[in-house]
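Data block below; observations after.
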Amino acid sequence: MKLERQDWWDIGYAAALCLLPVLSWATTFDGGPWWWVAGVLGVVVGILLTAGTIATGGGPGRLLVGTLAAYLLLCGPLAHGGVGGGMVLAGLKGTLEGWPMLAASHPWVDAPGAGVLPVLQMTLLASVAVTVLAMGSRSPAAPVLPAAALLAGAVFTARTEPAVGLVQALVFGVLAVAWVRQRSRLIEGAPTTRDSLVGHTTALVPAVAVLAIGAMLAAFAGAAVDLGNRTVLRGVVPAYDATGLVTPLDRFSRYRGPTGNLHDRPLLTVTGAEEGTRVRLVTLDSYDGDRWIPANDTDPTRTDDRFLRIGSRIDNPAVGEPVQVAITLQPAWRGPWVATVGALDGLEFGADAPADARRHLRYNLATRTAVMTDGNELATDASYTVTARVHDPEFTATTATAEHHDEDLRDRAAFLDPAVQAWAAGATSPAEAVLLVAESLQQAGHYASGGRGFDATLGEQRLGAGFVLANPTIGNEAHYAAAMALMANRIGVPARVVVGAQVPAGGTVRGEHVTAWIELLAADGSWHILDAESFTSSQRAKGQGLDTPGGGDGPEERIFIERTPGDDKPPEEEPVQPPDPEEAEGPEDAEEPEQSDTRADGDRDLTGWLWYLLGMAGLAVVVGAVPAVKWLRRRRRLTRGRAADRYVGAWAELLDQACDLGHRVPTGLTRPAEASHLDQRRLTPLADRVDREVFGAVEPEPVAAEEFWHLVHTEVAELRSQASRPRRIWAIFNPRSLF
Amino acid sequence: MADLELSGTPGPLRRASSILDNLTPAGRGVLTLGIAALVVGPLAGYGEFVLLGTLCMVLLGFGVVLMRLPARVRAQLHLDRTVIVAGGSVGGRLVVTNLNPMPLATAAVEVPVTPRFTTGRETPSAVMARLPTLGRRRRGTARYRLTNLARGVHLIGPARVRRTDPLRLVVRRIECTTSAEVYARPATIPIGELGEGSVSDLEGKPSDEISMSDLAFHALREYVVGDDLRHVHWRSSARTGELYVRQYHDTRRSQSTVLIDDAAAAYLRPAEFELALSIAGSLALRLGTDDDLALVCGDLRIEGPPGRILDGLCRAQTRPDSDLVAAAARAARFAPHTSRLFVITGQRADPQTVAHAGRRFRPDVRLIGLRAAIARPEAVERWQVEAEYDARKRDRVAARVGLVDVPDLQMLPKVVAIRARRPA
């Protein structure tokens with residue numbers, strides 16, 4: 001078949017409509033125009049391949065094989081970043097890892113790499129579909145639909161913020177309608193005469209005018225609509241769930257208290273950071289009634305508030321002073337949490353970190369928390385360098401606080417209402433209320449670095465009746481920060497707990513430096529720090545408050561006296577004995593649940609994957625078993641035995657195919673009788689021929705048997721063409737003829 | 001009751017479906033794209049798709065509004081010929097005058113063709129032609145050609161001007177002419193020899209009836225007002241001084257009747273019936289020149305000049321429940337003076353029926369049976385065994401009855417000549 005004029009038009013439009021969506025990925029990838037290379041290659045190769053296959057009379061089988069071959073050829077260099085050794089392996093590995101990398105990464109996605117392979121896959125598939133429909137379908141609009149699907153796919157897999165804006169959609173729409181119009185002219189069937197050709201050219205003028213006016217109106221309408229958040233794949237895929245992990249807040253007394261022995265031991269060595277820079281271990285932004293946890297999707301105003309993969313560079317919207325800090329883990333450090341500084345712009349693992357460390361690293365842009373996935377904790381002496389921006393504003397009475405967005409969290413803090421109402425009375429703004437409550441908490445409380453039961457829970461009972469509402473109020477930074485964050489939330493200021501440390505002189509962070517502060521959300525979207533010192537009491541608790549906080553005979557209830565403006569006197573406190581740090585022995589069994597917890601989570605995740613893979617494999621087996629068995633049967637019949645057997649096999653194959661197509665042929669009949677049950681006129685000669693060959697005196701020629709198979713194939717095709725399309729498709733999977 | 005309610009004022013559903021009818025395939029495609037985009041856009045928060053959907057809807061809305069504007073055209077449908085041979089083509093032109101205040105841009109003209117009396121399915125089709133852009137009050141001509149018209153009567157028109165908006169999304173069809181008919185006659189072939197009697201019968205058998213215009217002279221009589229001056233016998237008139245005119249014996253000419261079996265079961269395939277009609281047409285052309293001819297095909301009775309008979313054949317159709325013998329009885333009443341009877345049937349007909357049909361006529365009527373039996377191609381080998389047996393049995397009976405096979409129209413002259421030479 002020679003390509004006609006319309007075919008060239010179709011190819012041109014198809015290329016334009018498939019290339020436009022590629023622009024959507026412009027802001028998703030890092031490292032040069034690899035996304036563009038992948039997209040253009042996919043589109044150009046897909047279109048040329050399809051057009052070539054159709055022009056040379058190839059069928060769907062050849063097209064499928066060609067597409068697969070083209071993909072296999074292209075995926076290597078794209079994943080590897082050029083032609084070279086390891087290219088093939090990179091391509092195959094990238095095919096498996098590409099989608100998780102593109103879908104579950106914060107932008108930017110590393111390119112070249114596995115992340116660009118989905119771009120190649122989508123553009124290749126879409127351009128093949130568009131070209132097949134353009135050259136094979138009579139419907140004017142059919143080929144536009146796969147192109148629109150590609151646009152949707154590109155937008156869905158790109159980052160949340162549109163890369164090109166509405167111009168892209170406008171151009172796409174105009175081109176799509178122009179193409180549909182152009183195709184409809186061909187399909188209408190009216191011949192074009194010389195007269196009408198002149199008319200055709202003049203008719204283009206109003207068409208262009210109408211398109212232009214329509215585009216303008218649509219642009220106004222489109223720009224006026226505010227749709228809120230865009231649904232993108234990275235916002236929908238299940239993010240890494242870190243809520244089950246044991247956090248430093250849960251085991252806080254290990255660092256400061258007597259139980260963990262980490263007080264004097266170096267945890268991290270931080271180089272390149274000024275003294276006093278805050279190192280963040282974990283941010284806990286959700287309270288489940290039992291403990292503060294690092295959750296996903298806690299900030300409705302952001303879409304990057306989830307634990308996703310990161311590439312070597314991160315497009316972080318945060319502001320601040322750029323710093324580069326190298327962090328080395330010390331032997332005492334354990335746990336999945338990756339200490340960072342500020343808001344990350346990038347994280348590079350050192351040579352002594354595992355090669356696939358990045359694959360297991362997850363980062364939450366909103367909470368600035370990095371974590372290694374289950375069972376992939378960084379080993380001792382592993383080092384990494386973070387590029388970040390540091391801006392840690394202090395929370396003051398004048399800070400304009402944000403509206404609270406998590407009613408659930410607010411409700412959970414309701415048990416602290418007596419304290420909040422009493423301490424915040426008289427405040428004129430939420431910020432002032434927070435500071436008043438912080439001050440009162442500090443004044444009312446006592447400090448104990450640890451004791452039996454300290455790490456058990458930070459639940460309502462412990463933080464309410466056992467801490468804030470108890471007299472005396474005894475706890476460590478974890479209790480103070482957890483309670484303070486809850487109370488701030490109750491006041492109406494979004495607050496979260498951060499466990500971290502301020503870099504000491506020399507840069508070696510020991511357990512004693514680890515502290516817990518809270519961060520409060522300002523109206524401008526930034527988080528302001530309320531340091532532990534502003535709400536943690538420095539007054540050491542005495543004596544009894546170690547084993548069971550609040551004393552042996554149950555905590556006494558605190559009596560709250562509402563403060564009136566001008567009355568700054570703190571409520572009277574009975575002095576309590578400070579706890580003796582050496583007296584209480586650290587419950588070492590605390591380590592055990594942590595371990596098993598983590599492993600259990602990892603197992604669950606792995607099991608999920610296993611089940612998923614098993615399920616997919618099972619599905620493939622179930623779906624593919626019947627066609628596979630039939631294929632085997634056909635091969636056996638075609639190749640096994642004498643030539644006469646192949647005649648019999650051909651006839652049996654014909655009957656089985658007819659049976660799968662829904663024809664009912666009773667068993668135990670002669671072949672001509674079977675033929676008369678199906679299609680007497682056409683099939684009786686075939687049946688007669690089989691009988692002749694099988695019962696004849698001379699052994700038939702194998703070549704003739706092969707020819708007879710062709711005849712049978714023709715008849716089967718005829719039978720199939722008489723059946724409805726669903727029937728035909730079902731015939732492929734119909735197991736009836738196997739029994 | 002339900003029907004009454006349904007046929008009330010057009011509901012929104014019906015109005016929507018009428019709008020859908022007025023969309024071109026392109027329009028339907030754009031509508032699909034628009035709806036899909038407007039569903040996806042707000043659902044996923046994609047401004048791109050909201051814009052895309054809006055664009056589609058704006059363009060469609062524009063087209064709908066434009067097509068609602070009044071439009072008037074005047075047109076005449078011309079056909080080059082109204083009679084053709086089956087399988088042939090006929091050209092035509094449509095002259096359209098634009099009465100709109102606006103120019104009519106490259107409107108397409110749709111000329112529907114509805115085949116009737118054809119074997120096979122009577123699905124209407126349409127040919128398209130394109131007009132040049134017509135200015136205000138300008139006239140344009142669109143030429144079209146209808147090709148490969150099957151035997152039958154084809155209803156051409158009423159022609160419709162398809163007006164579309166500039167983007168060809170919405171269409172409006174304006175019927176602007178009446179319809180015309182094209183007769184696609186069966187193909188025929190000239191036949192030479194027609195058998196015994198046909199040559200000697202040129203003068204016919206004289207009868208006792210007197211005629212004013214014939215061959216056998218009877219007598220002279222006096223001229224009366226109204227007599228044709230051509231028959232005045234001038235020599236006698238001159239001798240007597242009064243006008244005398246010649247009188248003749250009326251000649252009984254041979255009357256032929258062609259009876260076509262219209263039972264669908266008689267024919268192996270539709271093409272055989274067409275062949276039967278072609279045989280009948282060829283016979284009609286040959287016989288009509290010197291015989292009186294009557295043609296009967298089921299309920300259809302045609303007589304007259306050959307052209308009329310051929311036109312009549314355009315209306316012939318097979319029927320599932322036809323009876324050849326009953327048709328023969330009707331033909332015998334219709335043409336009682338038949339001297340020669342042609343019975344044309346198909347190869348699946350029972351030859352005995354042909355013999356029965358022949359007996360409905362007078363015993364002295366010469367019966368010539370012809371079977372339209374298109375040679376079975378390769379498929380014949382696949383003919384089932386019993387059917388083959390039946391066919392052979394039929395063939396034997398047919399030979400006894402005197403049925404002759406005509407495998408092909410080209411063979412008809414030879415077959416007829418051979419048959420004619422054989423004694424009755």
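Naming scheme: A, B, ... for chains in displayed order of the structure tokens; residues 1 onward per chain; ligands 1 onward as shown.
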
List every residue of range 45-134 of chain B that DSSP, applied to the backbone of this structure, assigns to alpha helix (DSSP H), and report them as a list in words. Gly47, Glu48, Phe49, Val50, Leu51, Leu52, Gly53, Thr54, Leu55, Cys56, Met57, Val58, Leu59, Leu60, Gly61, Phe62, Gly63, Val64, Val65, Leu66, Met67 and Arg68 of chain B

Neighbouring residues of Asp364 in chain B were defined as those with any atom within 8 Å, considering only C-alpha atoms; residues of the same chain fewer than 2 positions away were excluded. Please report them as an MDAnalysis selection string. chainID B and resid 339 362 366

Could you check the closest approach to Val499 in chain A for each of A:Thr367, A:Thr328, A:Gln168, A:Ser538 and tell me which residue wins, using only C-alpha atoms? A:Thr367

Would you mind listing what lies within 10 Å of range 703-710 of chain A as a PyMOL selection string, with only C-alpha atoms counted and same-chain residues fewer than 3 positions away left out? chain A and resi 638-639+642-651+653-654+686+689-690+693+700+713-716

Taking 2 positions as the minimum chain separation for residues in the same chain, which residues sit within 6 Å of Trp333 in chain A when counting only C-alpha atoms? Answer as a VMD selection string. chain A and resid 267 330 to 331

As an MDAnalysis selection string, please: every residue in range 259-407 of chain B that DSSP puts in strand (DSSP E or B). chainID B and resid 259:260 263 292:297 300:303 319 338:346 366:372 403:406

Which residues come within 10 Å of Arg269 in chain B, counting only C-alpha atoms, excluding same-chain residues fewer than 2 positions away, as a VMD selection string? chain B and resid 119 264 to 267 271 to 274 346 to 348 373 to 374

Could those residues be written to a file, using C-alpha atoms, as a CSV table (one decimal), in the first residue's frame?
```
chain,number,residue,atom,x,y,z
B,119,THR,CA,-32.6,-9.2,-5.3
B,264,ALA,CA,-37.4,-18.2,-4.4
B,265,ALA,CA,-36.9,-21.9,-3.8
B,266,ALA,CA,-36.5,-22.6,-7.5
B,267,TYR,CA,-33.2,-20.8,-7.7
B,271,ALA,CA,-28.0,-14.5,-9.7
B,272,GLU,CA,-30.0,-17.3,-11.3
B,273,PHE,CA,-33.1,-15.4,-11.0
B,274,GLU,CA,-31.4,-12.5,-12.6
B,346,GLY,CA,-34.1,-22.2,-11.8
B,347,GLN,CA,-32.1,-25.4,-11.3
B,348,ARG,CA,-33.6,-26.2,-8.0
B,373,ALA,CA,-28.5,-23.0,-14.3
B,374,ILE,CA,-25.4,-21.1,-13.6
```

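Residues within 7 Å of Arg313 in chain A, counting only C-alpha atoms and excluding same-chain residues fewer than 5 positions away, are Trp108, Asp345 and Gly346 of chain A.
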
Atomic distance CA of Ala652 in chain A - CA of Leu719 in chain A, expressed in Å with one decimal: 14.7 Å

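Minimum atom-to-atom distance to chain A, evaluated using only C-alpha atoms, belongs to B:Val127 out of B:Ala71, B:Ala86, B:Leu66, B:Val127.
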